[in-house]
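The next block is query36.cif, given as mmCIF, C-alpha atoms and all ligand atoms.
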data_coords
loop_
_atom_site.label_atom_id
_atom_site.label_comp_id
_atom_site.auth_asym_id
_atom_site.auth_seq_id
_atom_site.Cartn_x
_atom_site.Cartn_y
_atom_site.Cartn_z
CA MET A 529 -30.16 7.20 -84.55
CA THR A 530 -26.36 7.26 -84.20
CA THR A 531 -24.84 4.19 -82.61
CA THR A 532 -22.75 4.89 -79.51
CA LEU A 533 -19.94 2.68 -78.26
CA THR A 534 -18.80 3.29 -74.70
CA VAL A 535 -15.35 2.09 -73.65
CA VAL A 536 -14.48 1.74 -69.97
CA VAL A 537 -10.95 3.08 -69.39
CA GLU A 538 -8.98 1.63 -66.51
CA SER A 539 -6.19 3.54 -64.85
CA TRP A 540 -3.92 3.42 -61.87
CA ARG A 541 -2.73 6.55 -60.10
CA GLY A 542 -3.42 8.76 -63.08
CA THR A 543 -1.95 6.46 -65.72
CA PRO A 544 -4.37 4.87 -68.17
CA ALA A 545 -4.10 1.16 -68.96
CA GLU A 546 -2.63 0.63 -72.44
CA ALA A 547 -5.09 -2.22 -72.98
CA SER A 548 -8.07 0.13 -72.47
CA LEU A 549 -6.63 2.75 -74.82
CA ALA A 550 -6.10 0.09 -77.49
CA VAL A 551 -9.79 -0.87 -77.23
CA LEU A 552 -10.74 2.81 -77.40
CA SER A 553 -8.74 3.42 -80.57
CA GLN A 554 -10.17 0.28 -82.18
CA ALA A 555 -13.67 1.44 -81.23
CA ARG A 556 -12.95 4.76 -82.93
CA ARG A 557 -11.74 3.01 -86.13
CA VAL A 558 -14.88 0.88 -86.17
CA ALA A 559 -17.09 3.87 -85.37
CA ASP A 560 -15.52 6.03 -88.09
CA ALA A 561 -16.25 3.33 -90.66
CA ALA A 562 -19.87 3.06 -89.53
CA GLY A 563 -20.69 6.68 -88.69
CA ALA A 564 -20.97 5.89 -84.97
CA THR A 565 -19.68 7.78 -81.94
CA VAL A 566 -17.37 6.73 -79.13
CA THR A 567 -17.61 7.64 -75.48
CA ALA A 568 -14.99 6.83 -72.86
CA ALA A 569 -15.95 6.25 -69.24
CA VAL A 570 -13.08 7.28 -66.97
CA LEU A 571 -13.38 6.54 -63.27
CA GLY A 572 -10.68 7.36 -60.75
CA ASP A 573 -9.34 9.84 -58.26
CA ASP A 574 -6.61 11.57 -60.22
CA VAL A 575 -8.12 11.47 -63.71
CA ASP A 576 -6.93 14.55 -65.63
CA ALA A 577 -4.19 12.75 -67.57
CA VAL A 578 -6.48 9.75 -68.14
CA VAL A 579 -9.24 11.95 -69.56
CA ASP A 580 -6.72 13.58 -71.88
CA ALA A 581 -5.30 10.20 -72.98
CA ALA A 582 -8.82 8.85 -73.61
CA GLY A 583 -9.62 11.85 -75.83
CA ARG A 584 -6.36 11.50 -77.74
CA ALA A 585 -6.99 7.76 -78.19
CA GLY A 586 -10.26 8.42 -79.98
CA ALA A 587 -13.17 9.23 -77.65
CA HIS A 588 -15.56 11.87 -79.01
CA THR A 589 -16.76 12.43 -75.45
CA VAL A 590 -15.14 11.50 -72.15
CA LEU A 591 -17.49 10.88 -69.24
CA ARG A 592 -15.57 11.56 -66.06
CA VAL A 593 -16.42 10.14 -62.66
CA ALA A 594 -13.82 11.44 -60.22
CA GLY A 595 -13.38 11.07 -56.51
CA PRO A 596 -11.43 9.23 -53.83
CA ALA A 597 -14.03 6.43 -53.81
CA TYR A 598 -12.85 5.49 -57.32
CA ALA A 599 -9.12 5.58 -56.61
CA GLN A 600 -9.07 1.81 -56.29
CA TYR A 601 -11.24 -0.53 -58.35
CA THR A 602 -13.92 -2.42 -56.45
CA THR A 603 -16.67 -4.37 -58.15
CA ASP A 604 -19.51 -2.70 -56.23
CA THR A 605 -18.46 0.92 -56.69
CA TRP A 606 -17.61 0.61 -60.36
CA THR A 607 -20.70 -1.41 -61.17
CA ALA A 608 -22.96 1.16 -59.51
CA ALA A 609 -21.29 4.11 -61.24
CA LEU A 610 -21.21 2.52 -64.69
CA ALA A 611 -24.78 1.27 -64.43
CA ALA A 612 -25.81 4.88 -63.72
CA LEU A 613 -23.80 6.17 -66.70
CA VAL A 614 -25.40 3.59 -68.97
CA ALA A 615 -28.87 4.49 -67.69
CA GLU A 616 -28.24 8.16 -68.43
CA HIS A 617 -26.41 7.92 -71.74
CA GLN A 618 -27.94 4.73 -73.19
CA PRO A 619 -24.99 3.48 -75.27
CA ASP A 620 -25.59 0.65 -77.71
CA ALA A 621 -22.51 -1.27 -76.64
CA LEU A 622 -20.12 -1.28 -73.72
CA LEU A 623 -16.53 -2.41 -74.33
CA LEU A 624 -13.85 -3.28 -71.80
CA ALA A 625 -10.34 -4.67 -72.06
CA ALA A 626 -10.23 -8.27 -70.81
CA THR A 627 -7.85 -7.42 -67.98
CA THR A 628 -8.22 -8.78 -64.45
CA TYR A 629 -10.57 -5.91 -63.60
CA GLY A 630 -12.38 -5.99 -66.94
CA ASN A 631 -13.03 -9.71 -66.56
CA ASP A 632 -14.46 -9.07 -63.11
CA LEU A 633 -16.52 -6.03 -64.02
CA ALA A 634 -18.03 -6.98 -67.39
CA PRO A 635 -20.15 -9.95 -66.26
CA ARG A 636 -21.25 -8.09 -63.13
CA LEU A 637 -22.31 -5.08 -65.16
CA ALA A 638 -24.00 -7.20 -67.82
CA ALA A 639 -26.00 -9.00 -65.12
CA ARG A 640 -26.93 -5.70 -63.45
CA LEU A 641 -28.04 -4.20 -66.77
CA GLY A 642 -29.73 -7.31 -68.13
CA ALA A 643 -27.36 -7.21 -71.10
CA GLY A 644 -25.72 -9.95 -73.15
CA LEU A 645 -21.96 -10.40 -72.85
CA VAL A 646 -19.36 -11.64 -75.34
CA ALA A 647 -16.19 -12.31 -73.34
CA ASP A 648 -12.62 -12.30 -74.59
CA CYS A 649 -13.23 -11.39 -78.22
CA SER A 650 -10.25 -10.65 -80.45
CA SER A 651 -11.93 -8.13 -82.76
CA PHE A 652 -15.25 -6.43 -83.28
CA GLU A 653 -17.09 -4.51 -85.97
CA LEU A 654 -20.39 -2.71 -86.43
CA GLY A 655 -22.97 -4.04 -88.84
CA ALA A 656 -25.29 -1.91 -90.97
CA ASP A 657 -27.94 -2.38 -88.25
CA GLY A 658 -25.62 -0.80 -85.68
CA ARG A 659 -25.13 -4.10 -83.83
CA LEU A 660 -21.69 -5.20 -82.70
CA THR A 661 -20.32 -8.42 -84.19
CA CYS A 662 -17.50 -9.93 -82.17
CA THR A 663 -14.92 -12.45 -83.35
CA LYS A 664 -13.43 -14.81 -80.79
CA TYR A 665 -11.26 -17.91 -80.62
CA VAL A 666 -12.77 -20.99 -79.02
CA LEU A 667 -11.90 -24.64 -78.36
CA GLY A 668 -8.29 -24.02 -77.43
CA ASN A 669 -7.79 -21.44 -80.15
CA THR A 670 -8.56 -23.97 -82.89
CA GLN A 671 -11.84 -22.41 -84.12
CA VAL A 672 -12.99 -18.86 -84.73
CA VAL A 673 -16.61 -17.84 -84.16
CA ARG A 674 -18.44 -14.61 -84.86
CA CYS A 675 -21.13 -13.78 -82.38
CA GLU A 676 -23.57 -11.04 -81.63
CA VAL A 677 -25.77 -10.22 -78.66
CA ALA A 678 -29.23 -10.65 -80.16
CA GLU A 679 -30.98 -7.70 -78.55
CA GLY A 680 -30.56 -4.81 -76.15
CA LEU A 681 -27.31 -3.51 -74.72
CA GLN A 682 -24.24 -5.42 -75.86
CA VAL A 683 -21.27 -5.86 -73.51
CA ALA A 684 -17.96 -7.22 -74.75
CA THR A 685 -14.48 -7.71 -73.35
CA VAL A 686 -11.54 -7.62 -75.75
CA ARG A 687 -8.54 -9.87 -75.28
CA THR A 688 -5.42 -7.92 -74.34
CA GLY A 689 -2.46 -7.86 -76.68
CA VAL A 690 -4.38 -8.57 -79.89
CA LEU A 691 -5.23 -5.03 -80.97
CA PRO A 692 -2.74 -2.54 -82.37
CA HIS A 693 -1.33 0.00 -79.92
CA ALA A 694 -3.60 3.02 -79.37
CA ASP A 695 -3.49 5.91 -81.84
CA THR A 696 -2.82 9.02 -79.83
CA GLY A 697 -3.42 11.62 -82.48
CA HIS A 698 -7.11 12.36 -81.99
CA GLY A 699 -8.30 15.63 -80.53
CA GLY A 700 -11.23 17.97 -80.15
CA PHE A 701 -13.11 15.82 -77.68
CA ALA A 702 -15.73 16.86 -75.15
CA VAL A 703 -15.54 16.17 -71.42
CA ALA A 704 -18.58 15.81 -69.18
CA ASP A 705 -19.00 14.84 -65.55
CA GLY A 706 -21.04 11.68 -65.25
CA ALA A 707 -24.04 11.97 -62.95
CA VAL A 708 -23.74 9.00 -60.65
CA PRO A 709 -25.19 8.38 -57.19
CA ALA A 710 -22.91 8.99 -54.21
CA PRO A 711 -20.89 5.80 -53.73
CA THR A 712 -22.02 3.64 -50.83
CA ALA A 713 -19.52 1.75 -48.71
CA PRO A 714 -18.31 -1.19 -50.83
CA ARG A 715 -18.70 -4.69 -49.45
CA THR A 716 -15.02 -5.31 -50.09
CA GLU A 717 -12.16 -3.16 -48.96
CA VAL A 718 -8.78 -3.20 -50.64
CA LEU A 719 -6.19 -3.36 -47.89
CA GLU A 720 -3.08 -3.45 -50.00
CA ARG A 721 -2.15 -3.51 -53.68
CA VAL A 722 0.88 -5.62 -54.49
CA VAL A 723 2.23 -4.91 -57.95
CA ALA A 724 3.61 -8.10 -59.46
CA ASP A 725 7.24 -7.98 -60.45
CA SER A 726 7.33 -7.73 -64.25
CA ASP A 727 10.72 -9.49 -64.41
CA GLY A 728 11.94 -6.64 -66.57
CA GLU A 729 11.50 -2.96 -67.11
CA VAL A 730 8.20 -3.24 -68.95
CA ALA A 731 5.10 -5.28 -68.21
CA LEU A 732 4.75 -8.34 -70.41
CA GLU A 733 1.56 -7.05 -72.07
CA ASP A 734 3.20 -3.72 -72.98
CA ALA A 735 6.55 -5.06 -74.20
CA ARG A 736 7.39 -4.68 -77.90
CA ILE A 737 9.75 -7.64 -77.65
CA VAL A 738 8.99 -10.78 -75.62
CA VAL A 739 11.64 -13.42 -74.95
CA ALA A 740 9.85 -16.54 -73.71
CA GLY A 741 11.19 -19.82 -72.40
CA GLY A 742 9.62 -23.23 -71.99
CA ARG A 743 10.27 -26.55 -70.33
CA ALA A 744 13.67 -26.64 -72.02
CA MET A 745 14.95 -23.95 -69.65
CA ARG A 746 15.46 -26.80 -67.15
CA GLY A 747 15.11 -24.64 -64.02
CA PRO A 748 14.87 -21.08 -62.70
CA GLU A 749 18.50 -20.29 -63.45
CA GLY A 750 17.96 -21.29 -67.09
CA PHE A 751 15.93 -18.10 -67.49
CA ASP A 752 19.04 -16.00 -66.85
CA VAL A 753 20.05 -16.40 -70.51
CA LEU A 754 16.62 -15.09 -71.56
CA ARG A 755 16.86 -12.12 -69.18
CA ASP A 756 20.24 -11.35 -70.65
CA LEU A 757 18.85 -11.48 -74.19
CA ALA A 758 15.94 -9.21 -73.15
CA ALA A 759 18.46 -6.78 -71.62
CA ALA A 760 20.47 -6.85 -74.86
CA PHE A 761 17.33 -5.92 -76.81
CA GLY A 762 16.80 -2.90 -74.52
CA HIS A 763 14.12 -1.44 -72.30
CA ASP A 764 11.19 -2.52 -74.51
CA ALA A 765 11.77 -6.24 -73.92
CA ALA A 766 10.26 -8.52 -71.27
CA VAL A 767 10.60 -12.19 -70.34
CA GLY A 768 7.68 -14.63 -70.46
CA SER A 769 7.20 -18.37 -70.24
CA SER A 770 5.14 -21.36 -71.27
CA ARG A 771 2.91 -23.03 -68.71
CA PRO A 772 5.23 -25.85 -67.59
CA ALA A 773 7.98 -23.39 -66.66
CA ALA A 774 5.57 -21.19 -64.69
CA GLU A 775 3.85 -24.15 -63.06
CA ALA A 776 7.21 -25.54 -61.97
CA GLY A 777 7.85 -22.21 -60.22
CA TRP A 778 10.87 -21.36 -62.39
CA VAL A 779 9.27 -17.97 -63.05
CA PRO A 780 6.24 -16.29 -61.41
CA MET A 781 2.84 -17.49 -62.66
CA HIS A 782 1.99 -14.04 -64.04
CA LEU A 783 4.64 -14.54 -66.72
CA GLU A 784 2.75 -17.49 -68.24
CA ILE A 785 1.64 -16.87 -71.81
CA GLY A 786 -1.20 -18.77 -73.43
CA ILE A 787 -4.83 -19.60 -73.25
CA SER A 788 -4.76 -19.67 -69.46
CA GLY A 789 -2.10 -16.97 -69.13
CA LYS A 790 -1.28 -13.58 -70.61
CA LYS A 791 -2.12 -12.72 -74.21
CA VAL A 792 0.65 -10.80 -75.93
CA ALA A 793 1.14 -9.47 -79.45
CA PRO A 794 4.59 -7.83 -79.51
CA ASP A 795 6.52 -6.77 -82.57
CA LEU A 796 8.92 -9.66 -81.94
CA TYR A 797 8.30 -12.88 -79.98
CA VAL A 798 11.33 -15.07 -79.34
CA ALA A 799 10.17 -18.59 -78.39
CA CYS A 800 13.04 -20.49 -76.80
CA GLY A 801 12.61 -24.21 -76.18
CA ILE A 802 8.83 -23.98 -76.59
CA SER A 803 7.19 -26.75 -78.62
CA GLY A 804 4.25 -24.68 -79.91
CA ALA A 805 1.20 -26.30 -78.29
CA THR A 806 -2.11 -24.69 -79.37
CA GLN A 807 -2.68 -23.53 -75.79
CA HIS A 808 0.57 -21.57 -75.92
CA LEU A 809 -0.06 -20.24 -79.43
CA ALA A 810 -3.40 -18.86 -78.18
CA GLY A 811 -1.45 -16.29 -76.18
CA MET A 812 1.13 -15.18 -78.73
CA SER A 813 0.23 -16.08 -82.31
CA GLY A 814 -0.81 -12.47 -82.98
CA SER A 815 2.83 -11.36 -82.60
CA LYS A 816 4.10 -9.51 -85.66
CA THR A 817 7.26 -11.61 -86.04
CA ILE A 818 7.93 -14.92 -84.31
CA LEU A 819 11.46 -16.23 -83.95
CA ALA A 820 11.61 -19.83 -82.70
CA ILE A 821 14.73 -21.47 -81.34
CA ASN A 822 14.30 -25.21 -80.87
CA SER A 823 16.59 -28.24 -81.05
CA ASP A 824 13.89 -30.37 -82.72
CA PRO A 825 13.47 -29.49 -86.41
CA GLU A 826 10.00 -31.10 -86.30
CA ALA A 827 8.76 -28.92 -83.39
CA PRO A 828 5.26 -27.54 -84.21
CA ILE A 829 6.36 -24.00 -83.30
CA PHE A 830 8.23 -23.88 -86.63
CA ARG A 831 4.89 -24.03 -88.46
CA THR A 832 3.88 -20.72 -86.85
CA ALA A 833 7.30 -19.05 -86.71
CA ASP A 834 8.45 -16.50 -89.28
CA ILE A 835 12.10 -17.28 -88.52
CA GLY A 836 13.31 -20.64 -87.19
CA VAL A 837 16.66 -21.56 -85.70
CA VAL A 838 17.29 -25.27 -85.12
CA GLY A 839 19.79 -25.54 -82.30
CA ASP A 840 20.48 -25.65 -78.58
CA LEU A 841 19.01 -22.51 -77.06
CA PHE A 842 21.80 -22.39 -74.48
CA GLU A 843 24.20 -21.80 -77.38
CA VAL A 844 21.96 -19.78 -79.72
CA VAL A 845 20.50 -17.32 -77.18
CA PRO A 846 23.84 -16.13 -75.69
CA ALA A 847 25.25 -15.84 -79.22
CA LEU A 848 22.26 -13.71 -80.23
CA ALA A 849 22.68 -11.48 -77.17
CA ALA A 850 26.40 -11.07 -77.90
CA ALA A 851 25.67 -10.23 -81.56
CA LEU A 852 23.09 -7.62 -80.54
CA ARG A 853 25.52 -5.98 -78.13
CA ALA A 854 28.33 -6.07 -80.69
CA ARG A 855 26.07 -4.41 -83.24
CA ARG A 856 25.18 -1.65 -80.81
CA GLY A 857 28.82 -1.13 -80.00
C1 LIG B 1 -6.46 -26.66 -70.37
C2 LIG B 1 -5.03 -26.40 -70.71
C3 LIG B 1 -4.58 -25.10 -70.70
C4 LIG B 1 -3.25 -24.83 -71.03
N1 LIG B 1 -2.83 -23.55 -71.03
C5 LIG B 1 -1.55 -23.28 -71.41
C6 LIG B 1 -1.08 -21.93 -71.50
O1 LIG B 1 -1.81 -20.95 -71.23
N2 LIG B 1 0.20 -21.72 -71.89
C7 LIG B 1 1.06 -22.74 -72.21
O2 LIG B 1 2.20 -22.48 -72.55
N3 LIG B 1 0.63 -24.02 -72.12
C8 LIG B 1 -0.64 -24.32 -71.72
N4 LIG B 1 -1.03 -25.62 -71.63
C9 LIG B 1 0.01 -26.66 -71.80
C10 LIG B 1 0.28 -27.00 -73.26
O3 LIG B 1 -0.62 -27.98 -73.71
C11 LIG B 1 1.73 -27.54 -73.42
O4 LIG B 1 1.88 -28.68 -72.60
C12 LIG B 1 2.81 -26.53 -73.07
O5 LIG B 1 2.59 -25.32 -73.76
C13 LIG B 1 4.17 -27.07 -73.44
O6 LIG B 1 5.15 -26.22 -72.92
P1 LIG B 1 6.62 -26.19 -73.55
O7 LIG B 1 6.53 -25.89 -75.00
O8 LIG B 1 7.43 -25.30 -72.68
O9 LIG B 1 7.14 -27.68 -73.26
P2 LIG B 1 7.31 -28.92 -74.22
O10 LIG B 1 6.10 -29.19 -75.00
O11 LIG B 1 7.87 -30.00 -73.39
O12 LIG B 1 8.41 -28.42 -75.27
C14 LIG B 1 9.74 -28.20 -74.97
C15 LIG B 1 10.45 -27.88 -76.28
O13 LIG B 1 11.79 -27.52 -76.00
C16 LIG B 1 12.61 -28.09 -77.02
N5 LIG B 1 13.97 -28.20 -76.43
C17 LIG B 1 14.41 -29.03 -75.46
N6 LIG B 1 15.68 -28.75 -75.13
C18 LIG B 1 16.07 -27.71 -75.92
C19 LIG B 1 17.27 -26.96 -76.04
N7 LIG B 1 18.36 -27.20 -75.26
N8 LIG B 1 17.31 -25.96 -76.95
C20 LIG B 1 16.25 -25.70 -77.76
N9 LIG B 1 15.08 -26.37 -77.67
C21 LIG B 1 14.99 -27.37 -76.76
C22 LIG B 1 11.97 -29.40 -77.36
O14 LIG B 1 12.34 -29.82 -78.67
C23 LIG B 1 10.49 -29.05 -77.26
O15 LIG B 1 9.98 -28.63 -78.51
C24 LIG B 1 -2.35 -25.90 -71.32
C25 LIG B 1 -2.83 -27.21 -71.33
C26 LIG B 1 -4.14 -27.46 -71.03
C27 LIG B 1 -4.63 -28.89 -71.05
#
Please, can you express the file's structure as structure tokens?
Ligand SMILES: Cc1cc2nc3c(=O)[nH]c(=O)nc-3n(C[C@H](O)[C@H](O)[C@H](O)COP(=O)(O)OP(=O)(O)OC[C@H]3O[C@@H](n4cnc5c(N)ncnc54)[C@H](O)[C@@H]3O)c2cc1C
Amino acid sequence: MTTTLTVVVESWRGTPAEASLAVLSQARRVADAAGATVTAAVLGDDVDAVVDAAGRAGAHTVLRVAGPAYAQYTTDTWTAALAALVAEHQPDALLLAATTYGNDLAPRLAARLGAGLVADCSSFELGADGRLTCTKYVLGNTQVVRCEVAEGLQVATVRTGVLPHADTGHGGFAVADGAVPAPTAPRTEVLERVVADSDGEVALEDARIVVAGGRAMRGPEGFDVLRDLAAAFGHDAAVGSSRPAAEAGWVPMHLEIGISGKKVAPDLYVACGISGATQHLAGMSGSKTILAINSDPEAPIFRTADIGVVGDLFEVVPALAAALRARRG
């Protein structure tokens, strides 16, 4: 029997989450190699564009659950709808991006369905037996383990920022309305949604260039040089930070990168005054190119960096921004 992977696609006001689409495209790559099929589960109110994006990102079939009750994520409503979809379509594995909602939903769904869960994996593949094998970092990103749910439905969340951006060139997908019970009143009501300031034009997770600062920034105003460098790079750049800078309140907590913060994998990561602790590397070591600027030539970040500049960041960063602007004219 053909193995089916179902990917839950998050969206907000008709725009799909990039993290979900990246999982979907990876599921399609894995499925193509193993002769499996991929289904996307799209829940929301205004879902037309999301359904289309899910198909283009690799779903063979998109299961649509549309209605005002799904406009805003709540654990109860989504769990009930997805449990019904799983009961009807019997996928072999359910994959979600490890976003705030994915991290809330996956364990709830796994418990409801009596399934095993592998949380926060960084990659996954299908074995000859059609079972999903997940790879994940453990013990502060120092060890890698491969794990598999031994039997029954497998649920997995995939760390954000570690997979390549979604392929959007697929087509010829089917769309079906998921048969789910009428939603009952959820036990929680969302009164207001406050979108965190991204400190730039793009969200940290979606940025192709991340300029991050650490304890060496000395205070909130120290980050102005990083914002200026991000602006010099252009609209695809965002500012992030290490934990001490976020904990000190120099930047909002949602800009923290690392094992307990955001996971990013941009094309270019510029680490400014960041020593390179394993907990920080856990959130950014998948970046394609890492440029480290640090005054200490022995700083551990230089062991991970592709390009290292030994120097005072308050001199190097403005010079880099000026050089970028001069080059652009
Ligand atoms: C359970 C746990 C979870 C954690 N989670 C995270 C996490 O998610 N993310 C995270 O980042 N950390 C995390 N940490 C903290 C982590 O262990 C480190 O303490 C932290 O990453 C260090 O931050 P830093 O590199 O900014 O500061 P430091 O280690 O103090 O490094 C500052 C660097 O700046 C350099 N420097 C100083 N002045 C200048 C200058 N003028 N120009 C250039 N360079 C300069 C120094 O040489 C030094 O290398 C966690 C720790 C624990 C125990």
Next item on the list: Within 10 Å of ligand LIG 1 (chain B), which residues show up when you count all atoms listed in the file? List them as a PyMOL selection string, please.
Entry: chain A and resi 667-668+740-746+768-775+783-791+799-812+820-830+837-845
Can you build me a table of stretch 629-747 of chain A residues sitting at most 12 Å from stretch 608-616 of chain A, with the closest atom pair per residue and its distance in Å to one decimal, using only C-alpha atoms, sorted by chain and residue number, as a Markdown table?
| residue | atom | partner | partner_atom | distance |
| --- | --- | --- | --- | --- |
| A:Leu633 | CA | A:Leu610 | CA | 9.8 |
| A:Ala634 | CA | A:Leu610 | CA | 10.4 |
| A:Arg636 | CA | A:Ala608 | CA | 10.1 |
| A:Leu637 | CA | A:Ala611 | CA | 6.9 |
| A:Ala638 | CA | A:Ala611 | CA | 9.2 |
| A:Ala639 | CA | A:Ala611 | CA | 10.4 |
| A:Arg640 | CA | A:Ala611 | CA | 7.4 |
| A:Leu641 | CA | A:Ala611 | CA | 6.8 |
| A:Gly642 | CA | A:Ala611 | CA | 10.6 |
| A:Ala643 | CA | A:Ala611 | CA | 11.1 |
| A:Leu681 | CA | A:Val614 | CA | 9.3 |
| A:Gln682 | CA | A:Val614 | CA | 11.4 |
| A:Val683 | CA | A:Val614 | CA | 11.3 |
| A:Ala704 | CA | A:Leu613 | CA | 11.2 |
| A:Asp705 | CA | A:Leu613 | CA | 10.0 |
| A:Gly706 | CA | A:Leu613 | CA | 6.3 |
| A:Ala707 | CA | A:Leu613 | CA | 6.9 |
| A:Val708 | CA | A:Ala609 | CA | 5.5 |
| A:Pro709 | CA | A:Ala609 | CA | 7.1 |
| A:Ala710 | CA | A:Ala609 | CA | 8.7 |
| A:Pro711 | CA | A:Ala608 | CA | 7.7 |
| A:Thr712 | CA | A:Ala608 | CA | 9.1 |
| A:Ala713 | CA | A:Ala608 | CA | 11.3 |
| A:Pro714 | CA | A:Ala608 | CA | 10.1 |
- State, in Å with one decimal place, the distance from atom CA of A:Ala694 to atom CA of A:Thr534.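 Between atom CA of A:Ala694 and atom CA of A:Thr534 the gap works out to 15.9 Å.
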Given all atoms listed in the file, how would the per-residue table for stretch 642-662 of chain A near stretch 551-563 of chain A read, listing every residue at most 10 Å away with its closest atom pair and distance in Å to one decimal, sorted by chain and number, as a tab-separated table?
residue	atom	partner	partner_atom	distance
A:Ser651	CA	A:Gln554	CA	8.6
A:Phe652	CA	A:Val558	CA	7.9
A:Glu653	CA	A:Val558	CA	5.8
A:Leu654	CA	A:Ala562	CA	6.6
A:Gly655	CA	A:Ala562	CA	7.8
A:Ala656	CA	A:Ala562	CA	7.5
A:Asp657	CA	A:Ala562	CA	9.8
A:Gly658	CA	A:Ala562	CA	7.9
A:Leu660	CA	A:Val558	CA	9.8
Residues from last step as file, C-alpha atoms, as a short mmCIF file (atom, residue, chain, number, x, y, z; two decimals), in the frame of the given file:
data_model
loop_
_atom_site.label_atom_id
_atom_site.label_comp_id
_atom_site.auth_asym_id
_atom_site.auth_seq_id
_atom_site.Cartn_x
_atom_site.Cartn_y
_atom_site.Cartn_z
CA SER A 651 -11.93 -8.13 -82.76
CA PHE A 652 -15.25 -6.43 -83.28
CA GLU A 653 -17.09 -4.51 -85.97
CA LEU A 654 -20.39 -2.71 -86.43
CA GLY A 655 -22.97 -4.04 -88.84
CA ALA A 656 -25.29 -1.91 -90.97
CA ASP A 657 -27.94 -2.38 -88.25
CA GLY A 658 -25.62 -0.80 -85.68
CA LEU A 660 -21.69 -5.20 -82.70
#
Hey, could you pull the box centre and edge lengths for stretch 740-752 of chain A, axis-aligned, 5 Å padding per side, all listed atoms, to one decimal in Å, as AutoDock Vina command-line options?
--center_x 14.3 --center_y -21.4 --center_z -68.2 --size_x 19.4 --size_y 20.8 --size_z 21.0
Handout entry: Selection as an NGL selection string: residues within 10 Å of (-8.3, 6.4, -66.1), counting all atoms listed in the file
Key = :A and (536-545 or 548-549 or 568-582 or 592-594 or 598-599)
Atom CA of A:Tyr629 to atom CA of A:Thr716 measures 14.2 Å
Residue contacts of A:Gly762 (10 Å, only C-alpha atoms) excluding same-chain residues fewer than 2 positions away, as a ChimeraX atom specification: /A:729,737,756-760,764-766,852-853
Starting from the point (-19.9, -10.7, -75.9), work out which residues of protein, DNA or RNA have an atom no more than 9 Å away when counting only C-alpha atoms; state them as a list in words.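 Protein, DNA and RNA residues close to (-19.9, -10.7, -75.9): Gly644, Leu645, Val646, Ala647, Asp648, Cys649, Leu660, Thr661, Cys662, Cys675, Glu676, Val677, Gln682, Val683, Ala684, Thr685 and Val686 of chain A.
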From the list A:Asn631, A:Thr589, A:Thr817, A:Thr832, the nearest residue to A:Thr688 using all atoms listed in the file is A:Asn631
